[in-house]
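Visitor: Data file data_27.csv (CSV, C-alpha atoms) is appended below.
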chain,number,residue,atom,x,y,z
I,1,MET,CA,-9.9,4.4,-26.3
I,2,CYS,CA,-11.3,7.9,-26.8
I,3,TRP,CA,-15.1,7.8,-26.6
I,4,ASP,CA,-17.1,10.6,-28.1
I,5,SER,CA,-20.3,9.1,-26.8
I,6,PHE,CA,-21.4,5.8,-25.3
I,7,ILE,CA,-24.6,4.7,-23.7
I,8,LEU,CA,-25.0,1.1,-22.4
I,9,TYR,CA,-27.8,0.0,-20.2
I,10,SER,CA,-27.7,-3.1,-18.1
I,11,SER,CA,-29.9,-5.2,-20.5
I,12,GLN,CA,-27.7,-4.4,-23.5
I,13,ARG,CA,-24.8,-6.5,-24.7
I,14,LEU,CA,-21.7,-5.4,-26.6
I,15,ASN,CA,-21.1,-7.1,-30.0
I,16,PRO,CA,-17.4,-6.3,-30.7
I,17,ARG,CA,-17.6,-7.7,-34.3
I,18,LYS,CA,-20.3,-5.3,-35.4
I,19,ASN,CA,-19.3,-2.6,-32.9
I,20,ILE,CA,-22.9,-2.0,-31.8
I,21,VAL,CA,-24.8,-2.4,-28.6
I,22,GLU,CA,-28.3,-3.6,-29.3
I,23,GLY,CA,-28.9,-1.2,-32.1
I,24,ILE,CA,-26.9,1.8,-30.7
I,25,ILE,CA,-23.8,2.4,-32.7
I,26,LEU,CA,-20.7,3.0,-30.7
I,27,LYS,CA,-19.2,6.2,-31.9
I,28,HIS,CA,-15.5,6.3,-31.0
I,29,ASN,CA,-12.0,6.9,-32.3
I,30,ILE,CA,-10.1,3.7,-32.4
I,31,HIS,CA,-6.5,3.6,-31.1
I,32,MET,CA,-4.4,1.2,-29.2
I,33,ALA,CA,-4.1,1.4,-25.5
I,34,TYR,CA,-0.4,1.1,-24.9
I,35,MET,CA,0.5,-0.1,-21.4
I,36,SER,CA,2.9,-2.0,-19.3
I,37,GLN,CA,2.4,-5.7,-18.4
I,38,LYS,CA,1.8,-4.6,-14.8
I,39,GLY,CA,-0.9,-2.2,-15.9
I,40,TYR,CA,-2.5,-4.8,-18.2
I,41,ASP,CA,-2.5,-7.4,-15.4
I,42,GLU,CA,-4.2,-4.8,-13.0
I,43,LEU,CA,-6.9,-4.2,-15.6
I,44,VAL,CA,-7.6,-7.9,-16.0
I,45,ALA,CA,-7.7,-8.4,-12.2
I,46,LYS,CA,-10.1,-5.4,-11.9
I,47,LEU,CA,-12.4,-6.9,-14.7
I,48,GLN,CA,-12.4,-10.3,-13.0
I,49,HIS,CA,-13.3,-8.7,-9.7
I,50,MET,CA,-16.1,-6.7,-11.3
I,51,GLU,CA,-17.5,-9.8,-13.0
I,52,SER,CA,-17.2,-12.2,-10.2
I,53,VAL,CA,-17.9,-10.0,-7.1
I,54,ASP,CA,-19.5,-6.7,-8.1
I,55,ARG,CA,-21.9,-8.1,-10.7
I,56,PRO,CA,-23.4,-10.7,-8.4
I,57,ALA,CA,-23.6,-8.1,-5.6
I,58,ALA,CA,-25.6,-5.8,-7.9
I,59,SER,CA,-28.0,-8.6,-8.9
I,60,ALA,CA,-28.4,-9.4,-5.2
I,61,ALA,CA,-29.2,-5.8,-4.4
I,62,ILE,CA,-31.8,-5.6,-7.1
I,63,ALA,CA,-33.4,-8.9,-5.9
I,64,GLU,CA,-33.4,-7.6,-2.3
I,65,ALA,CA,-35.0,-4.3,-3.3
I,66,ARG,CA,-37.5,-6.1,-5.6
I,67,ASP,CA,-38.7,-8.2,-2.6
I,68,LYS,CA,-39.6,-5.1,-0.7
I,69,GLY,CA,-42.7,-4.5,-2.8
I,70,ASP,CA,-44.0,-1.8,-5.2
I,71,LEU,CA,-41.2,-1.1,-7.7
I,72,SER,CA,-42.8,2.2,-8.9
I,73,GLU,CA,-42.0,3.9,-5.6
I,74,ASN,CA,-38.9,1.9,-4.5
I,75,ALA,CA,-35.9,4.2,-4.4
I,76,GLU,CA,-33.7,1.3,-3.3
I,77,TYR,CA,-34.6,-0.6,-6.5
I,78,ASP,CA,-33.9,2.4,-8.7
I,79,ALA,CA,-30.5,2.9,-7.0
I,80,ALA,CA,-29.6,-0.8,-7.4
I,81,LYS,CA,-30.6,-0.7,-11.1
I,82,GLU,CA,-28.6,2.4,-11.7
I,83,TRP,CA,-25.6,0.9,-10.0
I,84,GLN,CA,-25.9,-2.2,-12.2
I,85,GLY,CA,-26.1,-0.1,-15.3
I,86,LYS,CA,-23.0,1.9,-14.4
I,87,LEU,CA,-21.2,-1.4,-13.5
I,88,GLU,CA,-22.1,-3.0,-16.9
I,89,THR,CA,-20.9,0.2,-18.7
I,90,GLU,CA,-17.6,0.1,-16.9
I,91,ILE,CA,-17.2,-3.7,-17.6
I,92,ALA,CA,-17.9,-3.1,-21.3
I,93,LEU,CA,-15.3,-0.2,-21.4
I,94,LEU,CA,-12.8,-2.3,-19.5
I,95,LYS,CA,-13.2,-5.2,-21.9
I,96,LYS,CA,-12.8,-2.9,-24.9
I,97,THR,CA,-9.6,-1.4,-23.4
I,98,ILE,CA,-8.2,-4.9,-22.6
I,99,MET,CA,-9.1,-6.1,-26.1
I,100,GLU,CA,-7.2,-3.1,-27.7
I,101,ALA,CA,-4.2,-3.2,-25.3
I,102,LYS,CA,-0.7,-3.3,-26.7
I,103,ILE,CA,1.8,-4.3,-24.0
I,104,ILE,CA,5.1,-2.5,-24.2
I,105,ASP,CA,8.3,-4.1,-22.9
I,106,ALA,CA,10.2,-1.2,-21.3
I,107,THR,CA,13.5,-3.1,-21.3
I,108,HIS,CA,13.8,-2.6,-25.1
I,109,MET,CA,13.0,1.1,-25.1
I,110,ASP,CA,15.3,3.8,-26.4
I,111,THR,CA,16.4,5.9,-23.5
I,112,SER,CA,17.6,8.7,-25.6
I,113,THR,CA,14.1,10.2,-26.0
I,114,VAL,CA,11.0,10.5,-23.9
I,115,GLN,CA,8.5,7.8,-24.8
I,116,ILE,CA,5.5,6.1,-23.1
I,117,LEU,CA,6.6,4.2,-20.0
I,118,ALA,CA,9.6,6.5,-19.5
I,119,THR,CA,10.4,7.9,-16.1
I,120,VAL,CA,11.4,11.5,-16.7
I,121,GLU,CA,13.1,13.8,-14.2
I,122,LEU,CA,12.3,17.4,-15.0
I,123,LEU,CA,13.4,20.9,-14.0
I,124,ASN,CA,10.9,23.8,-14.1
I,125,VAL,CA,13.0,26.5,-15.8
I,126,GLN,CA,11.1,29.3,-14.1
I,127,ASN,CA,11.1,28.3,-10.5
I,128,LYS,CA,13.9,25.7,-10.5
I,129,MET,CA,11.6,23.0,-9.0
I,130,LYS,CA,12.5,19.4,-9.8
I,131,MET,CA,9.8,16.8,-10.5
I,132,LYS,CA,9.7,13.2,-11.7
I,133,TYR,CA,6.9,11.6,-13.7
I,134,THR,CA,6.4,8.3,-15.4
I,135,ILE,CA,4.4,8.6,-18.6
I,136,VAL,CA,1.8,5.8,-18.8
I,137,SER,CA,-1.5,5.0,-20.6
I,138,ALA,CA,-4.6,6.8,-19.5
I,139,SER,CA,-5.9,3.6,-17.7
I,140,GLU,CA,-2.7,3.5,-15.6
I,141,ALA,CA,-2.4,7.2,-14.7
I,142,ASP,CA,-2.2,8.0,-11.0
I,143,LEU,CA,-0.8,11.4,-10.1
I,144,LYS,CA,-0.3,10.5,-6.5
I,145,SER,CA,2.3,7.9,-7.5
I,146,GLY,CA,3.9,10.1,-10.2
I,147,LYS,CA,2.2,8.5,-13.2
I,148,ILE,CA,0.8,10.9,-15.7
I,149,SER,CA,-1.3,9.9,-18.8
I,150,VAL,CA,0.3,10.1,-22.2
I,151,GLU,CA,-2.8,12.2,-23.1
I,152,THR,CA,-2.0,15.1,-20.7
I,153,PRO,CA,-0.5,18.3,-22.1
I,154,ILE,CA,2.7,17.8,-20.1
I,155,ALA,CA,3.3,14.3,-21.4
I,156,LYS,CA,2.4,15.3,-25.0
I,157,GLY,CA,4.9,18.2,-24.7
I,158,LEU,CA,7.7,15.9,-23.4
I,159,LEU,CA,7.3,13.0,-26.0
I,160,GLY,CA,10.3,12.9,-28.3
I,161,LYS,CA,12.4,15.3,-26.2
I,162,LYS,CA,16.0,14.4,-25.3
I,163,VAL,CA,18.0,15.0,-22.1
I,164,GLY,CA,18.9,18.7,-21.9
I,165,GLU,CA,16.1,19.8,-24.2
I,166,VAL,CA,13.5,22.3,-22.9
I,167,ALA,CA,9.8,21.6,-23.6
I,168,GLU,CA,7.5,24.6,-23.7
I,169,ILE,CA,4.1,23.3,-22.6
I,170,ARG,CA,0.7,25.1,-22.6
I,171,VAL,CA,-1.2,24.3,-19.5
I,172,PRO,CA,-4.5,25.9,-18.2
I,173,GLN,CA,-2.4,28.4,-16.1
I,174,GLY,CA,-0.3,29.5,-19.0
I,175,THR,CA,2.9,28.2,-20.5
I,176,ILE,CA,5.6,26.3,-18.5
I,177,GLN,CA,9.2,25.4,-19.6
I,178,LEU,CA,10.4,22.0,-18.4
I,179,GLN,CA,13.9,20.8,-19.0
I,180,VAL,CA,14.5,17.1,-19.3
I,181,VAL,CA,17.2,16.2,-16.7
I,182,SER,CA,17.1,12.4,-17.1
I,183,ILE,CA,15.2,9.6,-18.9
I,184,SER,CA,14.9,6.0,-17.5
I,185,TYR,CA,12.7,3.0,-17.8
I,186,GLU,CA,12.0,1.2,-14.5
Take the structure I supplied and represent it as structure tokens, if you would.

Guide:
Amino acid sequence: MCWDSFILYSSQRLNPRKNIVEGIILKHNIHMAYMSQKGYDELVAKLQHMESVDRPAASAAIAEARDKGDLSENAEYDAAKEWQGKLETEIALLKKTIMEAKIIDATHMDTSTVQILATVELLNVQNKMKMKYTIVSASEADLKSGKISVETPIAKGLLGKKVGEVAEIRVPQGTIQLQVVSISYE
């Protein structure tokens, strides 16, 4: 989901049918969140944890801060309310992502071209450095484990390329040329 703007406070509720939050219109570009089954399961587990562990902890922190007296000068109360607001926003966004998720079965993917969920071995034409990335949805991206978002310039430049083809990709440091060495789906 690409959000242009989104404000959700802890007391507000998302109404997916009307696409509004207590009178605030959600302004966004709708598109499917393509992901693997593993990525989907991780998002569902994260949502369950946030709803069953983090949400009660936020409520308990607010109650504890409230018991300390004057709320107008209680920084602990303000921090707890802010945490709760951010948590509720994250829960709402996660629910929206899960609702729009489209699970892709990588076993039926065409290995002749680079697509989402492809593991691509690349060769930087300029410095001959080899690299390997798996192209995943934005919610699954983790550069440390070699997973890049389909929304990054590198992934966008690689989509549709075949083994042996060179992709010329504009990145903030300039233009790089990456040759596709191999494509696989793991």

Visitor: Skipping near chain neighbours, those fewer than 5 positions away, what residues fall within 8 Å of range 115-131 of chain I using only C-alpha atoms, listed as a list in words?

Guide: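 The residues satisfying every condition are Tyr34, Met35, Ser36, Ala106, Val136, Ser137, Val150, Leu159, Gly160, Ile176, Gln177, Leu178, Gln179, Val180, Val181, Ser182, Ile183, Ser184, Tyr185 and Glu186 of chain I.
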
Visitor: Per residue of range 83-177 of chain I within 12 Å of range 59-72 of chain I, record the nearest atom pair and its distance in Å to one decimal, counting all atoms listed in the file, with rows in chain order and ascending residue number, as a tab-separated table.

Guide:
residue	atom	partner	partner_atom	distance
I:Trp83	CA	I:Ile62	CA	9.4
I:Gln84	CA	I:Ser59	CA	7.5
I:Gly85	CA	I:Ser59	CA	10.8
I:Leu87	CA	I:Ser59	CA	10.9
I:Glu88	CA	I:Ser59	CA	11.4

Visitor: List every protein, DNA or RNA residue that has at least one atom no more than 10 Å from (-4.1, 4.7, -18.4) in the file's coordinates, counting all atoms listed in the file, and write the result as a PyMOL selection string.

Guide: chain I and resi 1+33-36+39-40+43+97+135-142+147-151

Visitor: Between I:Ile103, I:Ala167, I:Ala75, I:Leu143, single out the one closest to Asp41 in chain I, counting all atoms listed in the file.

Guide: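 Smallest separation from Asp41 in chain I among the options: I:Ile103.
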
Visitor: Work out how far apart CA of Ala58 in chain I and CA of Ile98 in chain I are and give it in Å to one decimal.

Guide: 22.8 Å

Visitor: Just give me the gap between CA of Thr113 in chain I and CA of Val163 in chain I in Å, one decimal is fine.

Guide: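 Value for the CA of Thr113 in chain I-CA of Val163 in chain I distance: 7.3 Å.
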